[in-house]
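Input: a single structure, listed below in structure tokens.
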Amino acid sequence: MDQEQEIGPHAGLGRLKRQSLSSAVADALAEAIREGELRPGDRILEVNMSERLGVSRATLREAVKTLAADGLLEIRDDRGAYVRKLDSDEIAAMIVMRATIESMAARLVAGRRSPSALAQIAKVAKRMEQEAKNGKSARWRQLDTVFHETIVKAADNPMLLKAWSNINVLLRLFMQRMNPAYDTSPEQVLKNHESFVEVLRSGSPDDAEALVRHIIIESGFRALQCAPPPGLNPSQNIIAHLQQKKAGS
């Protein structure tokens with residue numbers, strides 16, 4: 001009998017085990033999507049995928065439902081599950097939300113000025129720089145996510161972290177679809193991260209929030225090849241302001 005569907009005196013524990021396995025399958029599928037092994041529009045073939053992962057079709061269906069709820073997959077009636085294709089409006093909304101979350105996180109981090117948190121953020125940035133020099137694009141992508149996650153975690157606000165986590169996987173899809181040069185041209189990203197580290201160390205919450213919002217909005221909508229919504233047009237004033245402060249220090 002398949003252990004995943006065990007019944008009897010320990011049926012409750014069997015159910016917990018199946019849920020745990022379903023979560024592992026969902027993580028594996030999400031990673032395949034993030035790394036481009038499964039591309040937007042690809043169909044999840046139930047029989048093939050369950051055999052490949054060594055799980056029952058029931059477990060795979062639970063994992064698919066989880067990823068559909070997260071926005072990674074879409075379930076089409078009588079046609080199965082597909083990796084979602086993001087439209088421009090969804091991507092634009094995601095950029096705005098990411099800018100809002102990360103700029104507020106930056107504000108909190110700059111205000112707290114925790115030496116250990118700032119050191120950890122700088123450490124990840126340095127590791128990214130090294131991996132970029134080594135030409136390891138997969139590791140580079142992973143560390144970029146770690147860098148931004150480290151900033152949000154350092155804000156010490158669980159609600160911000162939860163909101164950021166909810167859009168992170170969709171963000172990775174966006175990077176694959178709209179900005180393929182990201183892997184081969186890391187110079188601007190490294191420069192942006194250097195600016196992040198500097199402004200967080202400055203201790204100015206206003207500067208940190210403004211700079212992070214500016215960089216995310218500007219780079220995101222540039223990759224999307226359209227203008228930001230009214231009221232969100234990035235301004236170079238924050239860059240000039242920070243340059244003046246740095247020159248005067």
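Ordered as shown in the structure tokens, chains take letters A, B, and onward, while each chain numbers its residues from 1 and ligands are numbered from 1 in the order shown.
For stretch 50-199 of chain A, backbone-based DSSP labels the following residues as strand (DSSP E): Leu73, Glu74, Ile75, Arg76, Gly80, Ala81, Tyr82 and Val83 of chain A.
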Kindly assemble as CSV a list of the stretch 53-169 of chain A residues that lie within 12 Å of stretch 224-232 of chain A, each paired with its nearest atom pair and their distance in Å to one decimal, using only C-alpha atoms, sorted first by chain and then by ascending residue number.
```
residue,atom,partner,partner_atom,distance
A:Leu86,CA,A:Leu224,CA,11.8
A:Asp87,CA,A:Leu224,CA,10.5
A:Ser88,CA,A:Leu224,CA,7.5
A:Asp89,CA,A:Leu224,CA,10.1
A:Glu90,CA,A:Leu224,CA,11.1
A:Ile91,CA,A:Leu224,CA,8.0
A:Ala92,CA,A:Leu224,CA,7.8
A:Ala93,CA,A:Pro229,CA,9.6
A:Met94,CA,A:Leu224,CA,11.5
A:Ile95,CA,A:Pro228,CA,9.4
A:Val96,CA,A:Leu232,CA,8.6
A:Met97,CA,A:Leu232,CA,11.9
A:Ala99,CA,A:Leu232,CA,10.3
A:Thr100,CA,A:Leu232,CA,11.0
```
Q) For the atom pair atom CA of A:Ser103 and atom CA of A:Lys191, what is the interatomic distance in Å to one decimal place? A) 17.2 Å
Q: Give me every helix (DSSP H, G or I) residue in stretch 6-242 of chain A, going by DSSP on the backbone, as a ChimeraX atom specification.
A: /A:11-34,46-53,57-70,88-112,115-134,137-154,158-178,180-182,187-202,205-224,237-242
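Between atom CA of A:Leu211 and atom CA of A:Ile239 there is a distance of 7.3 Å.
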For A:Ala119: contacts at 12 Å, only C-alpha atoms, fewer than 4 positions along chain excluded, given as a JSON list (two decimals) with all heavy atoms, in the first residue's frame:
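part_26.json, freshly written:
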```json
[["chain", "number", "residue", "atom", "x", "y", "z"],
["A", 109, "VAL", "N", 15.66, 49.38, 8.28],
["A", 109, "VAL", "CA", 17.03, 48.91, 8.48],
["A", 109, "VAL", "C", 17.96, 50.10, 8.76],
["A", 109, "VAL", "O", 18.80, 50.05, 9.67],
["A", 109, "VAL", "CB", 17.54, 48.12, 7.26],
["A", 109, "VAL", "CG1", 19.01, 47.80, 7.39],
["A", 109, "VAL", "CG2", 16.73, 46.83, 7.10],
["A", 113, "ARG", "N", 20.03, 50.48, 12.24],
["A", 113, "ARG", "CA", 21.49, 50.49, 12.14],
["A", 113, "ARG", "C", 22.13, 49.36, 12.94],
["A", 113, "ARG", "O", 23.13, 49.56, 13.64],
["A", 113, "ARG", "CB", 22.08, 51.84, 12.56],
["A", 113, "ARG", "CG", 21.66, 53.01, 11.70],
["A", 113, "ARG", "CD", 22.44, 54.25, 12.01],
["A", 113, "ARG", "NE", 23.81, 54.17, 11.48],
["A", 113, "ARG", "CZ", 24.72, 55.13, 11.63],
["A", 113, "ARG", "NH1", 24.42, 56.24, 12.28],
["A", 113, "ARG", "NH2", 25.92, 54.99, 11.12],
["A", 114, "SER", "N", 21.58, 48.18, 12.80],
["A", 114, "SER", "CA", 22.14, 47.01, 13.49],
["A", 114, "SER", "C", 23.46, 46.62, 12.83],
["A", 114, "SER", "O", 23.48, 46.29, 11.64],
["A", 114, "SER", "CB", 21.16, 45.84, 13.42],
["A", 114, "SER", "OG", 21.80, 44.62, 13.73],
["A", 115, "PRO", "N", 24.57, 46.65, 13.57],
["A", 115, "PRO", "CA", 25.86, 46.30, 12.96],
["A", 115, "PRO", "C", 25.87, 44.90, 12.34],
["A", 115, "PRO", "O", 26.42, 44.69, 11.26],
["A", 115, "PRO", "CB", 26.84, 46.40, 14.13],
["A", 115, "PRO", "CG", 26.20, 47.37, 15.07],
["A", 115, "PRO", "CD", 24.72, 47.09, 14.97],
["A", 123, "LYS", "N", 27.98, 41.40, 3.29],
["A", 123, "LYS", "CA", 28.62, 40.12, 3.00],
["A", 123, "LYS", "C", 27.99, 39.46, 1.78],
["A", 123, "LYS", "O", 28.69, 38.94, 0.91],
["A", 123, "LYS", "CB", 28.51, 39.20, 4.21],
["A", 123, "LYS", "CG", 29.15, 37.84, 4.02],
["A", 123, "LYS", "CD", 29.00, 37.00, 5.28],
["A", 123, "LYS", "CE", 29.59, 35.61, 5.10],
["A", 123, "LYS", "NZ", 29.44, 34.78, 6.34],
["A", 124, "VAL", "N", 26.66, 39.49, 1.69],
["A", 124, "VAL", "CA", 25.97, 38.90, 0.54],
["A", 124, "VAL", "C", 26.32, 39.67, -0.73],
["A", 124, "VAL", "O", 26.55, 39.08, -1.80],
["A", 124, "VAL", "CB", 24.45, 38.87, 0.76],
["A", 124, "VAL", "CG1", 23.76, 38.29, -0.47],
["A", 124, "VAL", "CG2", 24.10, 38.04, 1.98],
["A", 125, "ALA", "N", 26.38, 41.00, -0.62],
["A", 125, "ALA", "CA", 26.74, 41.81, -1.78],
["A", 125, "ALA", "C", 28.14, 41.46, -2.29],
["A", 125, "ALA", "O", 28.39, 41.39, -3.50],
["A", 125, "ALA", "CB", 26.66, 43.30, -1.43],
["A", 126, "LYS", "N", 29.06, 41.22, -1.35],
["A", 126, "LYS", "CA", 30.43, 40.86, -1.73],
["A", 126, "LYS", "C", 30.47, 39.49, -2.40],
["A", 126, "LYS", "O", 31.20, 39.29, -3.38],
["A", 126, "LYS", "CB", 31.31, 40.85, -0.47],
["A", 126, "LYS", "CG", 32.80, 40.80, -0.76],
["A", 126, "LYS", "CD", 33.26, 42.10, -1.43],
["A", 126, "LYS", "CE", 34.76, 42.08, -1.66],
["A", 126, "LYS", "NZ", 35.23, 43.30, -2.34],
["A", 147, "PHE", "N", 20.19, 38.58, -1.32],
["A", 147, "PHE", "CA", 20.53, 39.96, -0.95],
["A", 147, "PHE", "C", 19.27, 40.75, -0.58],
["A", 147, "PHE", "O", 19.21, 41.38, 0.49],
["A", 147, "PHE", "CB", 21.26, 40.65, -2.11],
["A", 147, "PHE", "CG", 21.58, 42.10, -1.86],
["A", 147, "PHE", "CD1", 22.70, 42.45, -1.12],
["A", 147, "PHE", "CD2", 20.78, 43.11, -2.37],
["A", 147, "PHE", "CE1", 23.00, 43.79, -0.87],
["A", 147, "PHE", "CE2", 21.07, 44.44, -2.13],
["A", 147, "PHE", "CZ", 22.19, 44.78, -1.38],
["A", 150, "THR", "N", 17.62, 39.42, 2.54],
["A", 150, "THR", "CA", 18.37, 39.77, 3.75],
["A", 150, "THR", "C", 18.00, 41.16, 4.24],
["A", 150, "THR", "O", 17.87, 41.41, 5.45],
["A", 150, "THR", "CB", 19.89, 39.68, 3.50],
["A", 150, "THR", "OG1", 20.22, 38.34, 3.07],
["A", 150, "THR", "CG2", 20.68, 39.99, 4.75],
["A", 151, "ILE", "N", 17.82, 42.08, 3.30],
["A", 151, "ILE", "CA", 17.40, 43.44, 3.67],
["A", 151, "ILE", "C", 16.02, 43.42, 4.31],
["A", 151, "ILE", "O", 15.79, 44.03, 5.35],
["A", 151, "ILE", "CB", 17.41, 44.37, 2.44],
["A", 151, "ILE", "CG1", 18.85, 44.60, 1.95],
["A", 151, "ILE", "CG2", 16.74, 45.71, 2.76],
["A", 151, "ILE", "CD1", 18.94, 45.41, 0.67],
["A", 154, "ALA", "N", 16.09, 41.95, 7.72],
["A", 154, "ALA", "CA", 16.74, 42.85, 8.69],
["A", 154, "ALA", "C", 15.80, 43.93, 9.18],
["A", 154, "ALA", "O", 16.06, 44.56, 10.21],
["A", 154, "ALA", "CB", 17.99, 43.48, 8.06],
["A", 197, "VAL", "N", 23.90, 49.27, 0.04],
["A", 197, "VAL", "CA", 24.70, 49.07, 1.25],
["A", 197, "VAL", "C", 25.13, 50.42, 1.83],
["A", 197, "VAL", "O", 25.04, 50.65, 3.04],
["A", 197, "VAL", "CB", 25.93, 48.19, 0.94],
["A", 197, "VAL", "CG1", 26.87, 48.14, 2.16],
["A", 197, "VAL", "CG2", 25.50, 46.77, 0.57],
["A", 198, "GLU", "N", 25.57, 51.32, 0.97],
["A", 198, "GLU", "CA", 26.03, 52.63, 1.43],
["A", 198, "GLU", "C", 24.91, 53.41, 2.11],
["A", 198, "GLU", "O", 25.11, 53.99, 3.18],
["A", 198, "GLU", "CB", 26.58, 53.44, 0.26],
["A", 198, "GLU", "CG", 27.95, 52.99, -0.23],
["A", 198, "GLU", "CD", 28.49, 53.89, -1.32],
["A", 198, "GLU", "OE1", 27.81, 54.89, -1.65],
["A", 198, "GLU", "OE2", 29.58, 53.62, -1.83],
["A", 200, "LEU", "N", 22.13, 52.31, 3.43],
["A", 200, "LEU", "CA", 21.68, 51.67, 4.68],
["A", 200, "LEU", "C", 22.64, 51.99, 5.82],
["A", 200, "LEU", "O", 22.23, 52.18, 6.97],
["A", 200, "LEU", "CB", 21.56, 50.16, 4.49],
["A", 200, "LEU", "CG", 20.44, 49.69, 3.55],
["A", 200, "LEU", "CD1", 20.54, 48.19, 3.33],
["A", 200, "LEU", "CD2", 19.08, 50.06, 4.09],
["A", 201, "ARG", "N", 23.93, 52.06, 5.51],
["A", 201, "ARG", "CA", 24.92, 52.39, 6.52],
["A", 201, "ARG", "C", 24.87, 53.86, 6.92],
["A", 201, "ARG", "O", 25.35, 54.24, 8.00],
["A", 201, "ARG", "CB", 26.33, 52.06, 6.00],
["A", 201, "ARG", "CG", 26.66, 50.58, 6.01],
["A", 201, "ARG", "CD", 27.98, 50.33, 5.32],
["A", 201, "ARG", "NE", 28.48, 48.97, 5.54],
["A", 201, "ARG", "CZ", 29.47, 48.42, 4.86],
["A", 201, "ARG", "NH1", 30.08, 49.11, 3.90],
["A", 201, "ARG", "NH2", 29.86, 47.18, 5.11]]
```
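Distances from A:Met104, A:Ile33, A:Ile44, A:Ala132 to A:Gln188 were compared using only C-alpha atoms, and the smallest one belongs to A:Ala132.
The shortest atom-to-atom distance to A:Arg57, with only C-alpha atoms taken into account, belongs to A:Ser22 out of A:Ile215, A:Pro205, A:Ser22, A:His193.
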Q. Residues at most 10 Å from A:Ala155, counting only C-alpha atoms, excluding those fewer than 6 positions away in the same chain, as a PyMOL selection string?
A. chain A and resi 102+104-114+117+161
For the residues in that selection, give me N, CA, C and O atoms as a PDB file, in the first residue's frame.
```pdb
ATOM      1  N   GLU A 102      10.266  46.926  -0.317  1.00  0.00           N
ATOM      2  CA  GLU A 102      11.702  46.991  -0.069  1.00  0.00           C
ATOM      3  C   GLU A 102      12.150  48.378   0.382  1.00  0.00           C
ATOM      4  O   GLU A 102      13.100  48.495   1.161  1.00  0.00           O
ATOM      5  N   MET A 104      10.367  50.424   2.233  1.00  0.00           N
ATOM      6  CA  MET A 104      10.012  50.523   3.646  1.00  0.00           C
ATOM      7  C   MET A 104      10.957  49.681   4.505  1.00  0.00           C
ATOM      8  O   MET A 104      11.364  50.095   5.604  1.00  0.00           O
ATOM      9  N   ALA A 105      11.312  48.501   4.002  1.00  0.00           N
ATOM     10  CA  ALA A 105      12.282  47.683   4.724  1.00  0.00           C
ATOM     11  C   ALA A 105      13.608  48.424   4.870  1.00  0.00           C
ATOM     12  O   ALA A 105      14.230  48.421   5.946  1.00  0.00           O
ATOM     13  N   ALA A 106      14.047  49.072   3.792  1.00  0.00           N
ATOM     14  CA  ALA A 106      15.296  49.835   3.839  1.00  0.00           C
ATOM     15  C   ALA A 106      15.212  50.959   4.867  1.00  0.00           C
ATOM     16  O   ALA A 106      16.186  51.236   5.590  1.00  0.00           O
ATOM     17  N   ARG A 107      14.067  51.609   4.933  1.00  0.00           N
ATOM     18  CA  ARG A 107      13.880  52.679   5.917  1.00  0.00           C
ATOM     19  C   ARG A 107      14.064  52.151   7.345  1.00  0.00           C
ATOM     20  O   ARG A 107      14.738  52.772   8.171  1.00  0.00           O
ATOM     21  N   LEU A 108      13.463  51.002   7.607  1.00  0.00           N
ATOM     22  CA  LEU A 108      13.557  50.412   8.948  1.00  0.00           C
ATOM     23  C   LEU A 108      14.986  49.960   9.264  1.00  0.00           C
ATOM     24  O   LEU A 108      15.466  50.123  10.390  1.00  0.00           O
ATOM     25  N   VAL A 109      15.663  49.379   8.278  1.00  0.00           N
ATOM     26  CA  VAL A 109      17.033  48.913   8.480  1.00  0.00           C
ATOM     27  C   VAL A 109      17.958  50.097   8.760  1.00  0.00           C
ATOM     28  O   VAL A 109      18.800  50.047   9.674  1.00  0.00           O
ATOM     29  N   ALA A 110      17.814  51.160   7.981  1.00  0.00           N
ATOM     30  CA  ALA A 110      18.660  52.346   8.190  1.00  0.00           C
ATOM     31  C   ALA A 110      18.391  52.967   9.554  1.00  0.00           C
ATOM     32  O   ALA A 110      19.313  53.489  10.207  1.00  0.00           O
ATOM     33  N   GLY A 111      17.140  52.913   9.993  1.00  0.00           N
ATOM     34  CA  GLY A 111      16.802  53.466  11.297  1.00  0.00           C
ATOM     35  C   GLY A 111      17.369  52.649  12.442  1.00  0.00           C
ATOM     36  O   GLY A 111      17.829  53.198  13.456  1.00  0.00           O
ATOM     37  N   ARG A 112      17.370  51.332  12.283  1.00  0.00           N
ATOM     38  CA  ARG A 112      17.873  50.452  13.339  1.00  0.00           C
ATOM     39  C   ARG A 112      19.393  50.457  13.407  1.00  0.00           C
ATOM     40  O   ARG A 112      19.983  50.356  14.473  1.00  0.00           O
ATOM     41  N   ARG A 113      20.033  50.479  12.243  1.00  0.00           N
ATOM     42  CA  ARG A 113      21.495  50.490  12.136  1.00  0.00           C
ATOM     43  C   ARG A 113      22.131  49.356  12.941  1.00  0.00           C
ATOM     44  O   ARG A 113      23.132  49.562  13.643  1.00  0.00           O
ATOM     45  N   SER A 114      21.582  48.175  12.803  1.00  0.00           N
ATOM     46  CA  SER A 114      22.142  47.014  13.494  1.00  0.00           C
ATOM     47  C   SER A 114      23.457  46.621  12.833  1.00  0.00           C
ATOM     48  O   SER A 114      23.478  46.290  11.644  1.00  0.00           O
ATOM     49  N   ALA A 117      23.270  43.145  11.179  1.00  0.00           N
ATOM     50  CA  ALA A 117      22.429  43.098   9.981  1.00  0.00           C
ATOM     51  C   ALA A 117      23.127  43.770   8.803  1.00  0.00           C
ATOM     52  O   ALA A 117      23.126  43.243   7.681  1.00  0.00           O
ATOM     53  N   LEU A 161       8.027  40.836   5.396  1.00  0.00           N
ATOM     54  CA  LEU A 161       8.695  39.649   4.851  1.00  0.00           C
ATOM     55  C   LEU A 161       7.689  38.734   4.158  1.00  0.00           C
ATOM     56  O   LEU A 161       7.977  38.194   3.084  1.00  0.00           O
TER      57      LEU A 161
END
```
Q) In terms of the shortest atom-to-atom distance over only C-alpha atoms, which of A:Met128, A:Leu29, A:Lys133, A:Glu149 is closest to A:Tyr82? A) A:Leu29
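Residue nearest A:Pro40, chosen from A:Glu74, A:Met159, A:Ala122, A:Asp206 and counting only C-alpha atoms: A:Glu74.
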